Amino acid sequence: PAWYAVQALPYIMESEVESADNIFDRYYANSIASYLVNANTKIKSVFDVWKNYTPDAVLSNLEKNEELKSALLQETPWVMDAKNETERKQRVALLFDLNRMSDELASSLRKLQQKQSPNGGWPWFKGMPDSRYITQEIVTGFGHLQNLGIADLKKNPETWDMVRNAIYYLDDRIKEDYDWLLRNDADLKLNHLGYTQIQYLYARSYFLEMLPIGEIIQTPFGFYQEQAKKFWLQNNKYAQGMIALALKRLGD
């Protein structure tokens, strides 16, 4: 399963769409690849062999077996799968090139910084208004990398400033949600927990120690935290998973 996950990384990295989430996905994939290579020199040596020394190494196991290369087999889906496996190995070997990874990481971070709005949010594409969903996706991704020990945001002040501003932006949005309920005399005992609020709690829970909940949003945050405890089973499994992880980090 781990190998399948590694083979998926180039697909994430190779997207040429210049939306904010795709740019972050490239950063995410390259961060994981860089971590894997630096964590184990044997892994790096395998990819170096694939890339530089042994052309046959990138052939799939099926293509290496001459006995299976019959005319009938050439027309079966498994041969096409084999060709895809070859291509995957070639792309994986390229992905794990340290120089390329370094360039890609720097490029992706630079583009993310350029796309971030002055209020801390990210638009989906340049020229569009900031998107709360996209911003929460990116903040969550940085949280993943920090939590896995792949990234140390505090050691990179420019990156941390970018993420911190995005978190402040999300804090402001959750306060607006709560204030809207108060202005409209909503019954706060009912379920006001939407997917956006669930995603916020999950993303925010990664940074509770690095950036504690400010006094201004204590009440809104506490309200949605209690909503999550009370109404979590009314959501789908994906949302339930985010709630469970967020509440665990909050001590529940």
# chains A, B, ... in the order shown; residues from 1 in each chain; ligands from 1
>>> residues_around(residues="region 151-167 of chain A", least_positions_apart="6", cutoff="9 Å", atoms="only C-alpha atoms", output="list of chain:residue names")
A:Ser31, A:Tyr35, A:Leu109, A:Leu112, A:Gln113, A:Gln116, A:Pro118, A:Asn119, A:Gly120, A:Gly121, A:Trp122, A:Thr135, A:Gln136, A:Ile138, A:Val139, A:Phe142, A:Gly143, A:His144, A:Leu145, A:Ala203, A:Arg204, A:Phe207, A:Met210, A:Leu211
>>> closest_residue(among="A:Ser117, A:Thr196, A:Gln225, A:Asn184", to="Ala20 (chain A)", atoms="only C-alpha atoms")
A:Ser117
>>> closest_residue(among="A:Phe24, A:Ala8, A:Gly141, A:Ser131", to="Arg110 (chain A)", atoms="only C-alpha atoms")
A:Phe24
>>> closest_residue(among="A:Asn191, A:Asn235, A:Ser107, A:Asn22", to="Phe125 (chain A)", atoms="only C-alpha atoms")
A:Asn22
>>> decode(residues="region 131-159 of chain A", atoms="C-alpha atoms", output="compact mmCIF listing (two decimals), in the first residue's frame")
# COMPACT_ATOMS: atom_id res chain seq x y z
CA SER A 131 -12.18 31.10 -1.24
CA ARG A 132 -12.74 29.85 2.25
CA TYR A 133 -12.86 26.23 1.07
CA ILE A 134 -9.58 26.46 -0.87
CA THR A 135 -7.90 28.26 2.03
CA GLN A 136 -9.02 25.58 4.48
CA GLU A 137 -7.75 22.85 2.12
CA ILE A 138 -4.31 24.47 1.94
CA VAL A 139 -4.10 25.12 5.69
CA THR A 140 -5.10 21.49 6.31
CA GLY A 141 -2.37 20.31 3.96
CA PHE A 142 0.27 22.32 5.78
CA GLY A 143 -1.11 20.83 8.99
CA HIS A 144 -0.63 17.32 7.60
CA LEU A 145 2.99 18.02 6.70
CA GLN A 146 3.70 19.61 10.08
CA ASN A 147 2.02 16.75 11.94
CA LEU A 148 3.98 14.10 10.00
CA GLY A 149 7.28 15.83 10.75
CA ILE A 150 7.84 16.50 7.06
CA ALA A 151 7.68 20.27 7.42
CA ASP A 152 8.72 22.52 10.28
CA LEU A 153 6.90 25.77 9.60
CA LYS A 154 8.60 27.64 12.42
CA LYS A 155 12.00 27.10 10.71
CA ASN A 156 10.76 28.87 7.59
CA PRO A 157 9.49 32.32 8.65
CA GLU A 158 8.08 33.25 5.22
CA THR A 159 6.06 30.05 4.99
